[in-house]
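Text of query.cif (mmCIF, C-alpha atoms and all ligand atoms) as supplied:
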```cif
data_run
loop_
_atom_site.label_atom_id
_atom_site.label_comp_id
_atom_site.auth_asym_id
_atom_site.auth_seq_id
_atom_site.Cartn_x
_atom_site.Cartn_y
_atom_site.Cartn_z
CA MET A 1 -19.26 -45.45 -65.36
CA LYS A 2 -22.64 -46.64 -64.15
CA THR A 3 -25.63 -44.69 -65.45
CA THR A 4 -28.92 -44.55 -63.52
CA VAL A 5 -31.97 -42.56 -64.61
CA HIS A 6 -34.19 -41.00 -61.93
CA GLY A 7 -37.43 -39.42 -63.11
CA ASP A 8 -37.57 -37.18 -66.17
CA HIS A 9 -34.63 -34.87 -65.55
CA LEU A 10 -31.88 -36.59 -63.56
CA ILE A 11 -29.20 -39.00 -64.77
CA GLN A 12 -26.75 -40.26 -62.16
CA LEU A 13 -23.24 -41.12 -63.33
CA THR A 14 -21.28 -43.21 -60.84
CA ARG A 15 -17.63 -44.11 -60.88
CA PHE A 16 -16.44 -47.02 -58.71
CA PRO A 17 -20.01 -47.83 -57.61
CA VAL A 18 -19.00 -50.78 -55.44
CA PHE A 19 -16.07 -49.59 -53.34
CA PHE A 20 -15.86 -45.80 -53.50
CA PRO A 21 -18.84 -44.41 -55.36
CA ILE A 22 -18.31 -40.94 -56.81
CA ASN A 23 -21.39 -39.39 -58.39
CA CYS A 24 -21.89 -36.62 -60.85
CA TYR A 25 -25.21 -35.81 -62.48
CA LEU A 26 -26.65 -34.76 -65.80
CA VAL A 27 -29.77 -32.64 -65.45
CA ARG A 28 -31.90 -32.45 -68.56
CA GLU A 29 -32.93 -29.00 -69.78
CA GLY A 30 -34.51 -27.66 -72.95
CA ASP A 31 -31.14 -26.67 -74.41
CA GLY A 32 -29.10 -29.71 -73.34
CA PHE A 33 -27.63 -30.91 -70.06
CA THR A 34 -26.30 -29.23 -66.97
CA LEU A 35 -23.50 -31.33 -65.50
CA LEU A 36 -23.38 -31.18 -61.70
CA ASP A 37 -19.81 -31.90 -60.58
CA THR A 38 -17.28 -33.73 -62.73
CA GLY A 39 -15.95 -36.67 -60.72
CA ILE A 40 -12.24 -37.38 -60.44
CA GLY A 41 -9.63 -36.97 -63.13
CA GLY A 42 -10.02 -39.39 -66.00
CA ALA A 43 -13.82 -39.24 -65.91
CA ALA A 44 -14.22 -36.77 -68.79
CA GLY A 45 -14.49 -39.28 -71.64
CA ALA A 46 -17.09 -41.37 -69.85
CA ILE A 47 -19.13 -38.28 -68.90
CA LEU A 48 -19.13 -36.99 -72.49
CA ALA A 49 -20.11 -40.43 -73.75
CA ALA A 50 -22.96 -40.63 -71.23
CA ALA A 51 -24.31 -37.25 -72.34
CA ARG A 52 -24.10 -38.30 -75.98
CA ALA A 53 -25.92 -41.54 -75.24
CA ALA A 54 -28.62 -39.60 -73.40
CA GLY A 55 -29.08 -37.40 -76.44
CA GLY A 56 -27.83 -33.94 -75.59
CA PRO A 57 -24.81 -31.67 -75.32
CA ILE A 58 -23.47 -30.50 -71.97
CA VAL A 59 -24.09 -26.74 -71.99
CA ARG A 60 -23.36 -25.95 -68.34
CA ILE A 61 -21.04 -27.33 -65.66
CA ALA A 62 -22.01 -26.37 -62.12
CA LEU A 63 -19.90 -27.37 -59.14
CA THR A 64 -21.10 -28.00 -55.59
CA HIS A 65 -17.59 -27.51 -54.19
CA ALA A 66 -13.92 -27.65 -55.11
CA HIS A 67 -12.82 -31.04 -53.74
CA ALA A 68 -10.79 -33.13 -56.16
CA ASP A 69 -13.42 -35.86 -56.50
CA HIS A 70 -15.91 -33.23 -57.71
CA VAL A 71 -13.72 -31.03 -59.95
CA GLY A 72 -11.17 -33.64 -61.04
CA ALA A 73 -12.29 -33.85 -64.65
CA LEU A 74 -13.09 -30.14 -65.03
CA ASP A 75 -10.05 -29.16 -67.11
CA ALA A 76 -10.40 -32.14 -69.45
CA LEU A 77 -14.13 -31.49 -69.89
CA TYR A 78 -13.70 -27.77 -70.49
CA ALA A 79 -11.09 -28.53 -73.16
CA GLU A 80 -13.78 -30.49 -74.98
CA LEU A 81 -16.60 -28.06 -74.13
CA PRO A 82 -15.06 -24.59 -74.50
CA ASP A 83 -18.48 -22.94 -74.88
CA ALA A 84 -19.95 -24.45 -71.71
CA GLU A 85 -20.73 -22.23 -68.76
CA VAL A 86 -18.61 -23.15 -65.71
CA ALA A 87 -20.23 -22.10 -62.45
CA ILE A 88 -19.10 -22.23 -58.80
CA THR A 89 -19.36 -19.94 -55.77
CA ALA A 90 -16.77 -17.18 -55.35
CA ARG A 91 -15.63 -18.79 -52.11
CA ASP A 92 -14.88 -22.22 -53.56
CA ALA A 93 -13.53 -20.64 -56.77
CA ARG A 94 -10.59 -19.56 -54.63
CA PHE A 95 -9.81 -23.20 -53.80
CA LEU A 96 -10.02 -23.94 -57.50
CA ARG A 97 -7.35 -21.28 -58.08
CA GLY A 98 -5.13 -22.86 -55.44
CA GLU A 99 -5.82 -20.51 -52.53
CA ARG A 100 -6.37 -22.38 -49.27
CA GLY A 101 -6.70 -19.60 -46.69
CA LEU A 102 -9.71 -18.68 -44.59
CA ASP A 103 -11.71 -15.48 -44.93
CA PRO A 104 -11.92 -13.07 -42.02
CA GLY A 105 -14.79 -14.07 -39.76
CA GLU A 106 -14.92 -17.70 -40.85
CA PRO A 107 -14.67 -20.36 -38.13
CA ASP A 108 -10.96 -20.86 -37.54
CA THR A 109 -10.78 -24.43 -38.76
CA LYS A 110 -8.48 -25.53 -41.52
CA PRO A 111 -10.32 -26.57 -44.70
CA ARG A 112 -9.96 -30.33 -45.05
CA GLY A 113 -10.08 -32.85 -47.83
CA SER A 114 -8.28 -32.93 -51.13
CA PHE A 115 -8.55 -29.74 -53.17
CA LYS A 116 -7.39 -29.66 -56.75
CA THR A 117 -6.07 -26.56 -58.45
CA CYS A 118 -7.63 -26.24 -61.89
CA ALA A 119 -6.56 -24.24 -64.92
CA THR A 120 -10.21 -23.65 -65.88
CA ARG A 121 -11.57 -20.35 -64.64
CA PRO A 122 -15.28 -20.17 -63.85
CA THR A 123 -17.29 -18.21 -66.38
CA ARG A 124 -20.00 -17.58 -63.80
CA ILE A 125 -19.93 -16.97 -60.06
CA LEU A 126 -22.87 -18.48 -58.20
CA ALA A 127 -24.72 -17.02 -55.26
CA PRO A 128 -27.60 -18.55 -53.31
CA GLY A 129 -30.88 -17.74 -55.01
CA ASP A 130 -29.37 -17.85 -58.51
CA ARG A 131 -30.70 -20.23 -61.12
CA VAL A 132 -28.68 -22.61 -63.25
CA GLY A 133 -31.11 -23.76 -65.90
CA SER A 134 -34.09 -24.94 -63.87
CA LEU A 135 -32.01 -25.46 -60.74
CA GLU A 136 -32.06 -23.14 -57.74
CA VAL A 137 -28.74 -22.52 -56.04
CA VAL A 138 -28.98 -23.13 -52.28
CA ALA A 139 -26.31 -22.19 -49.74
CA ALA A 140 -24.92 -25.31 -48.07
CA PRO A 141 -21.58 -24.39 -46.45
CA GLY A 142 -19.88 -26.61 -43.90
CA HIS A 143 -18.31 -29.43 -45.90
CA THR A 144 -16.35 -26.63 -47.58
CA PRO A 145 -16.81 -22.91 -46.87
CA GLY A 146 -18.46 -22.20 -50.24
CA HIS A 147 -20.38 -25.43 -50.78
CA VAL A 148 -23.78 -25.10 -52.49
CA ALA A 149 -26.60 -27.51 -53.32
CA PHE A 150 -28.98 -27.40 -56.29
CA PHE A 151 -32.73 -27.84 -56.06
CA ASP A 152 -34.92 -28.75 -59.04
CA PRO A 153 -38.41 -27.36 -58.37
CA ARG A 154 -39.79 -29.33 -61.34
CA ASP A 155 -39.76 -32.55 -59.31
CA GLY A 156 -38.26 -31.74 -55.92
CA THR A 157 -34.84 -33.25 -56.61
CA LEU A 158 -32.12 -31.99 -54.28
CA ILE A 159 -28.58 -32.40 -55.57
CA ALA A 160 -26.79 -31.98 -52.28
CA GLY A 161 -23.15 -32.61 -53.18
CA ASP A 162 -21.39 -33.58 -49.96
CA ALA A 163 -23.76 -31.69 -47.64
CA PHE A 164 -25.15 -35.18 -47.09
CA GLN A 165 -23.89 -38.62 -47.97
CA THR A 166 -26.06 -41.64 -48.69
CA ARG A 167 -23.28 -44.27 -48.87
CA GLY A 168 -22.89 -45.99 -45.50
CA GLY A 169 -26.28 -44.65 -44.38
CA VAL A 170 -27.71 -41.16 -44.79
CA ALA A 171 -25.58 -38.72 -42.81
CA VAL A 172 -24.93 -35.01 -42.46
CA SER A 173 -21.47 -33.96 -43.61
CA GLY A 174 -19.17 -34.20 -40.61
CA VAL A 175 -20.88 -37.19 -38.98
CA MET A 176 -18.61 -40.21 -39.24
CA ARG A 177 -20.07 -43.33 -40.85
CA LEU A 178 -17.69 -46.18 -40.16
CA THR A 179 -18.35 -47.89 -43.48
CA PHE A 180 -17.71 -44.68 -45.43
CA PRO A 181 -15.90 -42.14 -43.22
CA PHE A 182 -14.30 -40.11 -46.00
CA ILE A 183 -16.91 -37.35 -46.16
CA ALA A 184 -16.50 -36.68 -42.44
CA PHE A 185 -12.69 -36.68 -42.79
CA ALA A 186 -13.01 -34.06 -45.53
CA THR A 187 -15.48 -31.77 -43.74
CA TRP A 188 -14.34 -28.28 -42.82
CA HIS A 189 -16.81 -27.24 -40.10
CA ALA A 190 -19.47 -29.65 -38.84
CA PRO A 191 -21.68 -27.13 -36.96
CA THR A 192 -22.02 -25.09 -40.16
CA ALA A 193 -22.80 -28.30 -42.05
CA LEU A 194 -25.57 -29.09 -39.57
CA HIS A 195 -27.07 -25.63 -40.04
CA SER A 196 -27.00 -26.20 -43.82
CA ALA A 197 -28.53 -29.66 -43.46
CA ARG A 198 -31.54 -28.15 -41.73
CA ALA A 199 -31.92 -25.51 -44.43
CA LEU A 200 -31.83 -28.19 -47.13
CA ARG A 201 -34.34 -30.35 -45.27
CA ALA A 202 -36.66 -27.34 -45.12
CA LEU A 203 -36.94 -27.48 -48.92
CA ASP A 204 -38.92 -30.73 -48.47
CA PRO A 205 -37.03 -32.54 -51.21
CA ALA A 206 -38.78 -35.48 -52.88
CA ARG A 207 -35.48 -37.01 -54.03
CA LEU A 208 -31.97 -36.78 -52.58
CA ALA A 209 -28.93 -37.03 -54.85
CA THR A 210 -25.53 -36.88 -53.13
CA GLY A 211 -21.88 -36.98 -54.12
CA HIS A 212 -21.39 -40.43 -52.68
CA GLY A 213 -24.03 -43.16 -52.54
CA ALA A 214 -27.40 -44.08 -53.98
CA VAL A 215 -30.08 -41.58 -54.97
CA LEU A 216 -32.87 -41.73 -52.42
CA GLU A 217 -36.58 -41.23 -53.12
CA ALA A 218 -38.83 -39.75 -50.40
CA PRO A 219 -35.81 -38.89 -48.23
CA LEU A 220 -37.49 -36.81 -45.51
CA PRO A 221 -37.62 -39.48 -42.76
CA ALA A 222 -33.97 -40.39 -43.42
CA LEU A 223 -32.97 -36.72 -43.46
CA ASP A 224 -34.75 -36.10 -40.17
CA ARG A 225 -32.98 -39.04 -38.56
CA ALA A 226 -29.60 -37.92 -39.94
CA ILE A 227 -30.12 -34.37 -38.65
CA GLU A 228 -31.11 -35.71 -35.25
CA VAL A 229 -27.94 -37.79 -35.08
CA ALA A 230 -25.83 -34.84 -36.23
CA ALA A 231 -27.39 -32.54 -33.67
CA ARG A 232 -26.53 -35.03 -30.92
CA LYS A 233 -22.98 -35.61 -32.09
CA ILE A 234 -22.03 -32.14 -33.19
CA GLY A 235 -24.04 -30.30 -30.59
CA GLU A 236 -25.86 -27.05 -30.96
CA ASP A 237 -22.83 -24.81 -30.56
CA MET A 238 -23.20 -23.17 -33.95
CA PRO A 239 -20.93 -20.16 -33.64
CA SER A 240 -22.85 -17.10 -34.78
CA GLY A 241 -24.86 -18.96 -37.42
CA ARG A 242 -22.69 -17.46 -40.10
CA ARG A 243 -23.38 -18.39 -43.70
CA VAL A 244 -20.74 -18.33 -46.37
CA ALA A 245 -21.41 -18.75 -50.05
ZN ZN B 301 -16.20 -33.17 -50.79
#
```

For this file, produce the structure as structure tokens.
Amino acid sequence: MKTTVHGDHLIQLTRFPVFFPINCYLVREGDGFTLLDTGIGGAAGAILAAARAAGGPIVRIALTHAHADHVGALDALYAELPDAEVAITARDARFLRGERGLDPGEPDTKPRGSFKTCATRPTRILAPGDRVGSLEVVAAPGHTPGHVAFFDPRDGTLIAGDAFQTRGGVAVSGVMRLTFPFIAFATWHAPTALHSARALRALDPARLATGHGAVLEAPLPALDRAIEVAARKIGEDMPSGRRVA
């Protein structure tokens, strides 16, 4: 597990950094760390060790979405951290329970990517506008129906999950990057992802942290380019502008 510190609050933990980077993040708070996503199964020991080395307990686990490479180590971590808060949106909590169906009114596209059913039940259901420690919960559906991002107003860090990728070039979820096409393969509804990308860009983030790829400082020009590309490829046919969280 590769550890990279960014600023005062963010520690990036990366598994398989060379071939298939999978990030999760420790965000430093007054009472310990919030862990954003958990990586794939088998990552728990390395995540716990990284938190110990950084000098704090993990007191919260917040999930951007329910894909297996983001919730894979959840059960193993929760076994070690039974007092930790476990937070996810109601919509993606259903994937976590093993339900794969669509809600009435959602775009009729089958959710894609690898979901993992977890035994751990969330102790907190997240909605946009909530706070997790210092982090603001921001709706970012599209990659999955209940995907959220987390924004740290202390330093403008946006933890975007798979709403964007930075591996293979900065891209909006759903736009295929030939050198790392997996995020696009796993994206539920690209027009919704484009809508979310614009909403995240509007936060004017100073730092972009994604599920896959390097953390990017001063990401606005790259985000603008990525949104432009997505708008061209995906088109502007956003059906009804519906938001799900
Ligand atoms: Zn994903």

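Across the structure, CA of Leu36 in chain A and CA of Asp108 in chain A are spaced 29.1 Å apart.
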
Write out as a list in words which residues come within 9 Å of range 68-82 of chain A when counting only C-alpha atoms, dropping same-chain ones fewer than 6 positions away.
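The neighbour list is Ile22, Asn23, Cys24, Leu36, Asp37, Thr38, Gly39, Ile40, Gly41, Gly42, Ala43, Ala44, Gly45, Ile47, Leu48, Ile58, Val59, Ile61, Leu96, Gly113, Ser114, Phe115, Lys116, Thr117, Cys118, Ala119, Thr120, Gly161 and Gly211 of chain A.
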
Do you know which residues are at most 9 Å from Pro205 in chain A counting only C-alpha atoms, after dropping those on the same chain fewer than 3 positions away, and could you put them as a list in words?
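Listing them by chain and then by number gives Phe151, Asp152, Pro153, Asp155, Gly156, Thr157, Leu158, Leu200, Arg201, Ala202, Leu208, Glu217, Ala218, Pro219 and Leu220 of chain A.
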
Could you check which of A:Leu194, A:Ala160, A:Ile125, A:Ile11 is closest to ligand ZN 301 (chain B), using all atoms listed in the file?
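Going through A:Leu194, A:Ala160, A:Ile125, A:Ile11 one by one, the smallest distance to ligand ZN 301 (chain B) is for A:Ala160.
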
Neighbouring residues of ligand ZN 301 (chain B) are defined here as those with any atom at most 10 Å from a ligand atom, counting only C-alpha atoms and all ligand atoms; list them as number ranges by chain.
A: 64-71, 112-115, 143-144, 147, 161-165, 173, 182-188, 211-212

A:Ala50, A:Ala209, A:Ala90, A:Leu223 ranked by distance to Pro145 in chain A, top pick (using only C-alpha atoms):
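The shortest atom-to-atom distance to Pro145 in chain A comes from A:Ala90.
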
Since the input is missing atoms for range 143-160 of chain A, could you rebuild it with N, CA, C and O atoms and give the result as a JSON list (two decimals), in the frame of the given file?
```
[["chain", "number", "residue", "atom", "x", "y", "z"],
["A", 143, "HIS", "N", -19.26, -28.45, -45.36],
["A", 143, "HIS", "CA", -18.31, -29.43, -45.90],
["A", 143, "HIS", "C", -17.09, -28.67, -46.44],
["A", 143, "HIS", "O", -15.95, -29.01, -46.13],
["A", 144, "THR", "N", -17.34, -27.66, -47.27],
["A", 144, "THR", "CA", -16.35, -26.63, -47.58],
["A", 144, "THR", "C", -17.01, -25.28, -47.29],
["A", 144, "THR", "O", -18.24, -25.20, -47.17],
["A", 145, "PRO", "N", -16.21, -24.21, -47.21],
["A", 145, "PRO", "CA", -16.81, -22.91, -46.87],
["A", 145, "PRO", "C", -17.80, -22.39, -47.92],
["A", 145, "PRO", "O", -18.73, -21.67, -47.59],
["A", 146, "GLY", "N", -17.59, -22.74, -49.19],
["A", 146, "GLY", "CA", -18.46, -22.20, -50.24],
["A", 146, "GLY", "C", -19.35, -23.24, -50.90],
["A", 146, "GLY", "O", -19.82, -23.03, -52.02],
["A", 147, "HIS", "N", -19.58, -24.34, -50.21],
["A", 147, "HIS", "CA", -20.38, -25.43, -50.78],
["A", 147, "HIS", "C", -21.81, -24.95, -51.05],
["A", 147, "HIS", "O", -22.40, -24.25, -50.23],
["A", 148, "VAL", "N", -22.37, -25.34, -52.21],
["A", 148, "VAL", "CA", -23.78, -25.10, -52.49],
["A", 148, "VAL", "C", -24.45, -26.39, -52.93],
["A", 148, "VAL", "O", -23.79, -27.33, -53.38],
["A", 149, "ALA", "N", -25.77, -26.42, -52.80],
["A", 149, "ALA", "CA", -26.60, -27.51, -53.32],
["A", 149, "ALA", "C", -27.47, -26.93, -54.43],
["A", 149, "ALA", "O", -27.55, -25.71, -54.62],
["A", 150, "PHE", "N", -28.13, -27.82, -55.18],
["A", 150, "PHE", "CA", -28.98, -27.40, -56.29],
["A", 150, "PHE", "C", -30.33, -28.09, -56.15],
["A", 150, "PHE", "O", -30.39, -29.31, -55.96],
["A", 151, "PHE", "N", -31.38, -27.31, -56.25],
["A", 151, "PHE", "CA", -32.73, -27.84, -56.06],
["A", 151, "PHE", "C", -33.52, -27.67, -57.36],
["A", 151, "PHE", "O", -33.56, -26.58, -57.94],
["A", 152, "ASP", "N", -34.13, -28.77, -57.80],
["A", 152, "ASP", "CA", -34.92, -28.75, -59.04],
["A", 152, "ASP", "C", -36.40, -28.67, -58.67],
["A", 152, "ASP", "O", -37.01, -29.67, -58.25],
["A", 153, "PRO", "N", -37.01, -27.50, -58.80],
["A", 153, "PRO", "CA", -38.41, -27.36, -58.37],
["A", 153, "PRO", "C", -39.38, -28.10, -59.29],
["A", 153, "PRO", "O", -40.55, -28.28, -58.93],
["A", 154, "ARG", "N", -38.90, -28.59, -60.44],
["A", 154, "ARG", "CA", -39.79, -29.33, -61.34],
["A", 154, "ARG", "C", -40.25, -30.63, -60.70],
["A", 154, "ARG", "O", -41.37, -31.08, -60.92],
["A", 155, "ASP", "N", -39.37, -31.27, -59.93],
["A", 155, "ASP", "CA", -39.76, -32.55, -59.31],
["A", 155, "ASP", "C", -39.22, -32.73, -57.90],
["A", 155, "ASP", "O", -39.29, -33.83, -57.34],
["A", 156, "GLY", "N", -38.70, -31.66, -57.31],
["A", 156, "GLY", "CA", -38.26, -31.74, -55.92],
["A", 156, "GLY", "C", -36.95, -32.46, -55.71],
["A", 156, "GLY", "O", -36.63, -32.88, -54.59],
["A", 157, "THR", "N", -36.14, -32.60, -56.77],
["A", 157, "THR", "CA", -34.84, -33.25, -56.61],
["A", 157, "THR", "C", -33.85, -32.29, -55.96],
["A", 157, "THR", "O", -33.71, -31.15, -56.40],
["A", 158, "LEU", "N", -33.20, -32.76, -54.92],
["A", 158, "LEU", "CA", -32.12, -31.99, -54.28],
["A", 158, "LEU", "C", -30.79, -32.65, -54.60],
["A", 158, "LEU", "O", -30.57, -33.81, -54.24],
["A", 159, "ILE", "N", -29.94, -31.92, -55.31],
["A", 159, "ILE", "CA", -28.58, -32.40, -55.57],
["A", 159, "ILE", "C", -27.70, -31.75, -54.52],
["A", 159, "ILE", "O", -27.40, -30.56, -54.59],
["A", 160, "ALA", "N", -27.33, -32.54, -53.53],
["A", 160, "ALA", "CA", -26.79, -31.98, -52.28],
["A", 160, "ALA", "C", -25.28, -31.97, -52.24],
["A", 160, "ALA", "O", -24.70, -31.46, -51.27]]
```
